[in-house]
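File shown here: model-v3.txt, holding compact mmCIF, C-alpha atoms.
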# COMPACT_ATOMS: atom_id res chain seq x y z
CA MET A 1 75.47 82.31 93.88
CA LYS A 2 78.53 83.09 95.99
CA TYR A 3 77.70 86.79 96.03
CA TRP A 4 74.11 85.99 96.94
CA HIS A 5 75.38 83.94 99.89
CA ILE A 6 77.63 86.79 100.97
CA PHE A 7 74.66 89.13 100.78
CA MET A 8 72.44 86.83 102.85
CA ALA A 9 75.15 86.08 105.41
CA PHE A 10 75.23 89.77 106.39
CA PHE A 11 71.69 90.83 105.50
CA ILE A 12 70.13 88.46 108.05
CA PRO A 13 72.35 89.59 110.98
CA GLY A 14 71.81 93.20 109.85
CA ILE A 15 68.03 93.07 110.11
CA LEU A 16 67.91 90.83 113.22
CA GLY A 17 70.70 92.27 115.34
CA TYR A 18 69.01 94.57 117.84
CA GLY A 19 71.52 96.33 120.08
CA GLY A 20 74.00 97.68 117.55
CA GLY A 21 76.87 95.93 115.82
CA PRO A 22 78.00 93.70 118.72
CA ALA A 23 74.56 92.04 118.73
CA SER A 24 75.23 90.83 115.23
CA ILE A 25 78.50 89.03 116.13
CA PRO A 26 76.87 85.68 117.05
CA LEU A 27 74.42 85.97 114.14
CA VAL A 28 77.29 86.49 111.72
CA GLU A 29 79.12 83.56 113.30
CA HIS A 30 76.07 81.37 112.77
CA GLU A 31 75.98 82.18 109.06
CA VAL A 32 79.71 82.21 108.39
CA VAL A 33 80.88 79.26 110.50
CA GLU A 34 77.88 76.96 110.74
CA ARG A 35 75.82 77.63 107.65
CA TYR A 36 78.24 78.48 104.86
CA GLU A 37 81.35 77.02 106.52
CA TRP A 38 83.64 79.72 105.18
CA MET A 39 85.66 79.75 108.41
CA SER A 40 86.44 77.48 111.35
CA VAL A 41 85.71 78.57 114.93
CA GLN A 42 89.43 79.27 115.31
CA GLU A 43 89.64 81.42 112.20
CA PHE A 44 86.53 83.30 113.26
CA SER A 45 88.00 83.97 116.69
CA GLU A 46 91.26 85.22 115.17
CA MET A 47 89.32 87.56 112.97
CA LEU A 48 87.23 88.74 115.91
CA ALA A 49 90.34 89.35 118.02
CA LEU A 50 91.86 91.52 115.33
CA ALA A 51 88.55 93.30 114.68
CA ASN A 52 88.26 94.04 118.39
CA SER A 53 91.72 95.52 118.57
CA LEU A 54 91.02 97.91 115.72
CA PRO A 55 88.76 100.95 116.09
CA GLY A 56 85.44 101.51 114.29
CA PRO A 57 82.15 99.63 114.03
CA ILE A 58 82.55 95.87 114.47
CA ALA A 59 79.76 94.67 112.15
CA THR A 60 81.16 96.40 109.09
CA LYS A 61 84.72 95.26 109.82
CA MET A 62 83.50 91.64 109.88
CA ALA A 63 81.38 92.10 106.75
CA GLY A 64 84.20 93.81 104.88
CA TYR A 65 86.84 91.27 105.75
CA ILE A 66 84.77 88.10 105.32
CA GLY A 67 83.24 89.46 102.12
CA TYR A 68 86.74 90.18 100.81
CA ASP A 69 88.02 86.76 101.84
CA GLU A 70 85.17 85.00 100.03
CA GLY A 71 84.64 87.22 97.02
CA GLY A 72 87.35 89.86 96.65
CA ILE A 73 86.60 93.57 96.54
CA LEU A 74 83.12 93.04 95.12
CA GLY A 75 82.45 90.54 97.93
CA ALA A 76 83.59 93.06 100.52
CA PHE A 77 81.34 95.68 99.00
CA ILE A 78 78.32 93.35 98.96
CA GLY A 79 78.90 92.21 102.55
CA VAL A 80 79.16 95.76 103.86
CA PHE A 81 76.17 96.89 101.82
CA ALA A 82 74.05 94.04 103.19
CA ALA A 83 75.06 94.88 106.75
CA VAL A 84 74.54 98.63 106.53
CA ALA A 85 71.95 99.48 103.89
CA PRO A 86 68.67 97.85 105.02
CA SER A 87 68.37 99.54 108.40
CA LEU A 88 69.86 102.81 107.14
CA ILE A 89 67.31 102.97 104.33
CA ILE A 90 64.46 102.23 106.74
CA MET A 91 65.77 104.90 109.07
CA ILE A 92 65.97 107.61 106.40
CA LEU A 93 62.67 106.76 104.70
CA LEU A 94 60.53 106.14 107.75
CA VAL A 95 61.94 108.67 110.15
CA GLY A 96 58.61 110.48 110.53
CA ILE A 97 56.60 107.36 111.28
CA LEU A 98 59.27 105.89 113.52
CA TYR A 99 59.51 109.12 115.44
CA LYS A 100 55.83 108.88 116.31
CA TYR A 101 56.24 105.39 117.70
CA LYS A 102 59.61 105.74 119.35
CA ASP A 103 58.09 105.75 122.85
CA SER A 104 55.48 103.10 122.14
CA ASN A 105 55.66 99.99 124.30
CA LYS A 106 55.49 97.73 121.27
CA VAL A 107 58.57 99.28 119.72
CA LYS A 108 60.46 99.16 123.00
CA ARG A 109 59.53 95.50 123.38
CA LEU A 110 61.12 94.70 120.00
CA THR A 111 64.57 95.42 121.38
CA GLN A 112 63.76 93.93 124.76
CA TYR A 113 62.55 90.56 123.46
CA VAL A 114 65.56 90.08 121.22
CA ARG A 115 68.11 90.68 124.00
CA PRO A 116 67.86 87.22 125.63
CA VAL A 117 68.42 85.56 122.24
CA ILE A 118 71.54 87.63 121.64
CA ALA A 119 72.73 86.92 125.20
CA ILE A 120 72.38 83.17 124.69
CA LEU A 121 74.03 83.17 121.28
CA LEU A 122 76.94 85.20 122.66
CA GLY A 123 77.20 82.97 125.72
CA VAL A 124 77.36 79.79 123.66
CA MET A 125 79.92 81.40 121.38
CA ALA A 126 82.08 82.34 124.37
CA TRP A 127 81.75 78.76 125.65
CA ASN A 128 82.89 77.40 122.26
CA PHE A 129 85.91 79.69 122.31
CA PHE A 130 86.95 78.43 125.75
CA LYS A 131 86.43 74.85 124.64
CA GLU A 132 88.52 75.46 121.53
CA SER A 133 91.25 76.96 123.66
CA TYR A 134 91.11 74.03 126.13
CA VAL A 135 91.63 71.60 123.26
CA GLY A 136 94.45 73.72 121.80
CA ILE A 137 96.54 74.83 124.77
CA GLY A 138 95.12 72.90 127.74
CA PHE A 139 93.30 73.81 130.92
CA TRP A 140 95.98 75.73 132.83
CA GLN A 141 97.06 78.03 130.00
CA THR A 142 93.43 78.74 129.12
CA ALA A 143 92.56 79.49 132.75
CA LEU A 144 95.62 81.71 133.20
CA ILE A 145 94.94 83.80 130.10
CA THR A 146 91.22 83.96 130.85
CA ILE A 147 91.67 85.19 134.42
CA CYS A 148 94.40 87.68 133.52
CA SER A 149 92.47 89.17 130.63
CA TYR A 150 89.28 89.39 132.70
CA LEU A 151 91.09 91.23 135.49
CA LEU A 152 92.85 93.57 133.07
CA ILE A 153 89.84 94.42 130.90
CA GLU A 154 87.01 94.49 133.42
CA ARG A 155 88.66 95.31 136.75
CA MET A 156 91.59 97.49 135.77
CA LYS A 157 89.88 98.91 132.67
CA VAL A 158 92.91 98.35 130.45
CA HIS A 159 92.09 98.93 126.81
CA PRO A 160 91.24 95.62 125.04
CA ALA A 161 93.70 96.41 122.25
CA PHE A 162 96.57 96.33 124.79
CA VAL A 163 95.34 93.08 126.34
CA ILE A 164 95.15 91.44 122.92
CA GLY A 165 98.63 92.81 122.18
CA ALA A 166 99.97 91.33 125.43
CA ALA A 167 98.32 87.97 124.67
CA LEU A 168 99.96 87.96 121.23
CA VAL A 169 103.39 88.53 122.76
CA TYR A 170 102.81 85.88 125.44
CA GLY A 171 101.60 83.34 122.89
CA GLY A 172 104.39 84.10 120.43
CA LEU A 173 107.07 83.64 123.08
CA LEU A 174 105.68 80.80 125.21
CA LEU A 175 103.08 78.87 123.25
CA GLY A 176 104.79 78.67 119.85
CA MET B 1 82.89 121.13 98.92
CA LYS B 2 83.68 122.42 102.38
CA THR B 3 80.67 120.59 103.86
CA HIS B 4 81.69 117.32 102.25
CA TRP B 5 85.20 117.69 103.53
CA ASP B 6 83.88 118.47 107.04
CA LEU B 7 81.59 115.44 106.91
CA PHE B 8 84.41 113.23 105.80
CA ILE B 9 86.85 114.41 108.47
CA ALA B 10 84.25 114.26 111.26
CA PHE B 11 83.24 110.68 110.52
CA PHE B 12 86.78 109.60 109.70
CA ARG B 13 87.83 110.67 113.21
CA ILE B 14 84.81 108.86 114.67
CA GLY B 15 85.71 105.68 112.81
CA MET B 16 89.37 105.77 113.75
CA LEU B 17 88.93 106.66 117.41
CA GLY B 18 85.85 104.67 118.44
CA TYR B 19 86.78 101.48 120.25
CA GLY B 20 84.31 98.85 121.35
CA GLY B 21 82.34 98.67 118.12
CA GLY B 22 79.64 101.08 116.98
CA PRO B 23 78.05 101.75 120.40
CA GLY B 24 81.48 102.86 121.64
CA SER B 25 81.58 105.62 119.05
CA ILE B 26 78.28 107.27 120.02
CA PRO B 27 79.91 109.85 122.36
CA LEU B 28 82.38 110.71 119.59
CA ILE B 29 79.57 111.22 117.10
CA HIS B 30 77.86 113.49 119.60
CA LYS B 31 81.02 115.52 120.04
CA GLU B 32 81.58 116.09 116.31
CA VAL B 33 77.99 116.52 115.23
CA VAL B 34 76.56 118.55 118.11
CA ASP B 35 79.53 120.32 119.72
CA LYS B 36 81.94 120.89 116.89
CA TYR B 37 80.03 121.25 113.62
CA LYS B 38 76.59 122.04 115.11
CA TRP B 39 74.73 120.02 112.48
CA MET B 40 72.17 119.06 115.11
CA SER B 41 70.93 120.24 118.48
CA ASP B 42 71.59 118.14 121.54
CA GLU B 43 67.91 117.31 121.76
CA ASP B 44 67.62 116.22 118.13
CA PHE B 45 70.64 113.99 118.58
CA GLY B 46 69.05 112.32 121.60
CA ASP B 47 65.87 111.68 119.61
CA LEU B 48 67.82 110.34 116.66
CA LEU B 49 69.75 107.97 118.91
CA ALA B 50 66.55 106.67 120.52
CA LEU B 51 65.10 106.15 117.07
CA GLY B 52 68.19 104.40 115.77
CA ASN B 53 68.04 102.03 118.71
CA THR B 54 64.55 100.89 117.79
CA LEU B 55 65.90 99.58 114.50
CA PRO B 56 68.21 96.58 114.10
CA GLY B 57 71.68 96.67 112.56
CA PRO B 58 74.87 98.56 113.34
CA ILE B 59 74.19 101.87 115.10
CA ALA B 60 77.27 103.85 114.00
CA THR B 61 76.45 103.57 110.29
CA LYS B 62 72.77 104.35 110.85
CA LEU B 63 73.72 107.59 112.62
CA ALA B 64 76.45 108.46 110.10
CA GLY B 65 74.17 107.80 107.14
CA TYR B 66 71.24 109.71 108.54
CA ILE B 67 73.30 112.73 109.61
CA GLY B 68 75.22 112.76 106.31
CA HIS B 69 71.91 112.64 104.43
CA ASN B 70 70.54 115.53 106.50
CA VAL B 71 73.61 117.69 106.03
CA SER B 72 74.10 117.24 102.30
CA GLY B 73 71.82 114.71 100.68
CA PHE B 74 72.59 111.37 99.09
CA ILE B 75 76.28 112.05 98.50
CA GLY B 76 76.61 113.25 102.08
CA MET B 77 75.14 109.96 103.25
CA ILE B 78 77.59 107.87 101.19
CA ASN B 79 80.46 110.11 102.26
CA ALA B 80 79.73 109.86 105.99
CA VAL B 81 79.17 106.08 105.95
CA LEU B 82 82.33 105.39 103.96
CA ALA B 83 84.41 107.73 106.14
CA THR B 84 83.21 105.80 109.21
CA ILE B 85 83.86 102.29 107.97
CA LEU B 86 86.29 102.24 105.06
CA PRO B 87 89.60 103.03 106.82
CA THR B 88 89.24 100.25 109.40
CA ILE B 89 87.99 97.71 106.86
CA ILE B 90 91.08 98.33 104.72
CA LEU B 91 93.33 98.04 107.78
CA MET B 92 91.63 94.80 108.73
CA ILE B 93 92.05 93.25 105.27
CA ILE B 94 95.73 94.25 105.05
CA LEU B 95 96.55 92.95 108.54
CA LEU B 96 94.72 89.64 108.19
CA ALA B 97 96.03 89.01 104.69
CA SER B 98 99.62 89.54 105.84
CA LEU B 99 99.01 87.39 108.93
CA SER B 100 97.61 84.48 106.94
CA SER B 101 100.69 84.34 104.71
CA ILE B 102 102.85 83.46 107.74
CA ASP B 103 100.39 81.46 109.83
CA ASP B 104 102.30 78.17 109.49
CA LEU B 105 105.09 79.47 111.69
CA PRO B 106 104.90 78.05 115.23
CA TRP B 107 105.17 81.40 116.97
CA VAL B 108 102.29 82.79 114.91
CA GLN B 109 100.20 79.78 115.90
CA GLY B 110 101.15 80.43 119.52
CA MET B 111 99.97 84.00 119.16
CA THR B 112 96.59 83.07 117.77
CA ALA B 113 96.15 80.33 120.40
CA ALA B 114 96.71 82.87 123.19
CA VAL B 115 94.20 85.31 121.74
CA ILE B 116 91.24 82.89 121.72
CA PRO B 117 90.60 82.98 125.50
CA VAL B 118 90.86 86.79 125.48
CA VAL B 119 88.12 86.99 122.88
CA GLY B 120 86.18 84.44 124.95
CA VAL B 121 86.34 86.80 127.93
CA MET B 122 85.15 89.74 125.83
CA LEU B 123 82.23 87.72 124.52
CA ALA B 124 81.37 86.55 128.04
CA VAL B 125 81.33 90.16 129.23
CA LEU B 126 79.12 91.10 126.28
CA THR B 127 76.83 88.15 127.14
CA TRP B 128 76.47 89.45 130.65
CA GLN B 129 75.70 92.99 129.44
CA PHE B 130 72.91 91.80 127.18
CA PHE B 131 71.46 89.54 129.86
CA ASP B 132 71.70 92.30 132.46
CA LYS B 133 69.81 94.69 130.19
CA ALA B 134 67.18 92.04 129.56
CA VAL B 135 66.73 91.57 133.32
CA LYS B 136 66.46 95.32 133.87
CA GLY B 137 63.78 95.51 131.19
CA MET B 138 61.69 92.42 131.94
CA GLY B 139 62.76 91.19 135.39
CA TRP B 140 64.55 87.99 136.42
CA MET B 141 61.56 85.70 136.06
CA GLN B 142 60.60 86.53 132.49
CA SER B 143 64.19 86.84 131.25
CA GLY B 144 65.15 83.53 132.85
CA VAL B 145 62.19 81.60 131.45
CA MET B 146 62.69 83.16 128.03
CA ALA B 147 66.39 82.32 128.10
CA ILE B 148 65.72 78.65 128.88
CA ILE B 149 63.09 78.31 126.15
CA ILE B 150 65.27 80.10 123.61
CA PHE B 151 68.25 77.91 124.50
CA ALA B 152 66.17 74.77 123.98
CA LEU B 153 64.84 76.03 120.63
CA LEU B 154 68.30 76.95 119.36
CA TYR B 155 70.37 74.03 120.56
CA PHE B 156 68.02 71.10 121.04
CA LEU B 157 65.67 71.74 118.15
CA ASN B 158 68.41 73.42 116.08
CA MET B 159 66.22 76.28 114.98
CA HIS B 160 67.84 79.10 113.01
CA PRO B 161 68.30 82.14 115.31
CA GLY B 162 66.56 84.25 112.65
CA ILE B 163 63.35 82.27 113.06
CA VAL B 164 63.47 82.55 116.85
CA ILE B 165 64.10 86.31 116.66
CA GLY B 166 61.42 86.76 114.00
CA PHE B 167 58.91 84.98 116.20
CA LEU B 168 59.81 87.10 119.23
CA LEU B 169 59.52 90.31 117.18
CA LEU B 170 56.06 89.22 116.11
CA MET B 171 55.11 88.55 119.73
CA ALA B 172 56.39 91.97 120.77
CA LEU B 173 54.16 93.63 118.18
CA VAL B 174 51.07 91.49 118.67
CA LYS B 175 51.02 91.52 122.46
CA LYS B 176 48.44 93.95 123.80
CA ASP B 177 49.53 96.76 126.08
CA LYS B 178 47.68 95.84 129.21
CA SER B 179 49.75 98.34 131.16
CA SER B 180 48.51 101.36 129.20
CA LYS B 181 46.67 102.67 132.26
CA LYS B 182 49.80 102.45 134.31
CA ASP B 183 51.65 104.34 131.60
CA GLU B 184 49.16 107.13 131.68
CA THR B 185 49.56 107.58 135.40
CA GLN B 186 53.32 107.44 135.00
CA GLN B 187 53.11 110.12 132.37
CA HIS B 188 50.98 112.19 134.74
CA VAL B 189 53.62 111.91 137.41
CA ARG B 190 56.32 112.81 134.92
CA GLU B 191 54.43 115.87 133.77
CA LYS B 192 53.97 117.00 137.35
CA GLU B 193 57.64 116.43 138.08
CA GLY B 194 58.64 118.22 134.88
Give the structure from the file, written as structure tokens.
Amino acid sequence: MKYWHIFMAFFIPGILGYGGGPASIPLVEHEVVERYEWMSVQEFSEMLALANSLPGPIATKMAGYIGYDEGGILGAFIGVFAAVAPSLIIMILLVGILYKYKDSNKVKRLTQYVRPVIAILLGVMAWNFFKESYVGIGFWQTALITICSYLLIERMKVHPAFVIGAALVYGGLLLG
Amino acid sequence: MKTHWDLFIAFFRIGMLGYGGGPGSIPLIHKEVVDKYKWMSDEDFGDLLALGNTLPGPIATKLAGYIGHNVSGFIGMINAVLATILPTIILMIILLASLSSIDDLPWVQGMTAAVIPVVGVMLAVLTWQFFDKAVKGMGWMQSGVMAIIIFALLYFLNMHPGIVIGFLLLMALVKKDKSSKKDETQQHVREKEG
């Protein structure tokens, strides 16, 4: 049953996440935090922070780690398989048919219609993270870290891994 | 053997150097697959990418799997996918496992507390990117109305996001293309320009 849950928790985001791995972040969160309650919002955000500071595809890092946490090596394998296999199999088997329809309006609309859902799920998730932080370290610390990291990542184009590293040092020294 | 080794090294580099999730590694895949090993032409790669984007799920593994399969069959597929994802998954498990054994210490708790708003910012930026793309595709009006309805369905009626997405996918397929005439004229223009 546990392995079936691990499979479903990553299969559903895998077949619904249009827009690459990042689109599946809020869908994975929905399954892992709200549905199966394997992690708290805080634990999920810690995992996401670490995943974001490591290279490589994000969806498989989440699937591998959460699968491992819940069900050991077999769990990791099942989680990754559920995230990767369905769309890869479709791609390899149906490449000819898909190729014919790649410019069709219907197929383009698939991705387009899903985008607002992903945007809202991501937005609410971001909101929950800020709320969590407000409860944990208060308004001023949250605002300070938020503004600094926004300026560094978006305006000065500093690599996110460095910003996360700096936040870790700041938190370890001043918020501990 | 040489091909398998090449596949492994190419996708290992892609996995270890691509930041920003799968979409961030697309230029790296292009560099290895088209420029370095010449497994595909530039044009074929563009087509493959467009095709991969019409399917859900992580893009990096779809590309790795498909290219690996093309280059050397089933084993090539497994090889390329594993080379892309395995190293960082192992890193992730080792790092998080060692972190969780010391997470009662106050300074470790301070560290994780400081990271939450940073991740919040990254998610907010990602939110904006998805919304921006939606607006570019469908315009402000339609995206806005859709966003409000979707929000209500998800958070007031507590619908599972899968059901909402499934319904929208169905709508996308069922909706008739009333703009097919316009498309034809656009294609005409494109042909003339080309």
- Message: Measuring between all atoms listed in the file, which one of A:Val32, A:Tyr3, A:Tyr113, A:Gly72 shows the shortest distance to chain B?
- Response: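 Under the stated criterion, the closest residue is A:Tyr113.
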- Query: Using all atoms listed in the file, which of the listed residues (A:Leu54, A:Met91, A:Ala126, A:Val117) sits closest to Ser24 (chain A)?
  - Reply: A:Val117
- Message: Just the number, please: distance in Å from CA of Gly162 (chain B) to CA of Phe10 (chain A), one decimal.
- Response: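 Those two atoms sit 12.0 Å apart.
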- Enumerate, as a PyMOL selection string, the protein, DNA and RNA residues whose atoms approach (85.2, 99.1, 109.1) to within 10 Å, taking into account only C-alpha atoms and the coordinate frame of the file. (chain A and resi 51+54-65+80) or (chain B and resi 15-16+21-22+61+81-93)
Could you turn the residues from that selection into a file that holds C-alpha atoms, as a tab-separated table (two decimals), in the frame of the given file?
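result_21.tsv written:
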chain	number	residue	atom	x	y	z
A	51	ALA	CA	88.55	93.30	114.68
A	54	LEU	CA	91.02	97.91	115.72
A	55	PRO	CA	88.76	100.95	116.09
A	56	GLY	CA	85.44	101.51	114.29
A	57	PRO	CA	82.15	99.63	114.03
A	58	ILE	CA	82.55	95.87	114.47
A	59	ALA	CA	79.76	94.67	112.15
A	60	THR	CA	81.16	96.40	109.09
A	61	LYS	CA	84.72	95.26	109.82
A	62	MET	CA	83.50	91.64	109.88
A	63	ALA	CA	81.38	92.10	106.75
A	64	GLY	CA	84.20	93.81	104.88
A	65	TYR	CA	86.84	91.27	105.75
A	80	VAL	CA	79.16	95.76	103.86
B	15	GLY	CA	85.71	105.68	112.81
B	16	MET	CA	89.37	105.77	113.75
B	21	GLY	CA	82.34	98.67	118.12
B	22	GLY	CA	79.64	101.08	116.98
B	61	THR	CA	76.45	103.57	110.29
B	81	VAL	CA	79.17	106.08	105.95
B	82	LEU	CA	82.33	105.39	103.96
B	83	ALA	CA	84.41	107.73	106.14
B	84	THR	CA	83.21	105.80	109.21
B	85	ILE	CA	83.86	102.29	107.97
B	86	LEU	CA	86.29	102.24	105.06
B	87	PRO	CA	89.60	103.03	106.82
B	88	THR	CA	89.24	100.25	109.40
B	89	ILE	CA	87.99	97.71	106.86
B	90	ILE	CA	91.08	98.33	104.72
B	91	LEU	CA	93.33	98.04	107.78
B	92	MET	CA	91.63	94.80	108.73
B	93	ILE	CA	92.05	93.25	105.27
- Query: Could you work out how far CA of Gly46 (chain B) lies from CA of Leu122 (chain A), giving the answer in Å with one decimal?
  - Reply: 28.3 Å
- Query: In Å to one decimal, how far is CA of Glu37 (chain A) from CA of Gly17 (chain A)?
  - Reply: 20.6 Å
- Message: Set the cut-off to 6 Å and count all atoms listed in the file: what are the residues of chain B that reach chain A? Output as an NGL selection string.
- Response: :B and (15-19 or 21-22 or 51 or 56-59 or 62 or 89 or 93 or 106-107 or 110-111 or 114-115 or 117-120 or 123-124 or 127 or 130-131 or 134 or 147 or 169 or 172-173)
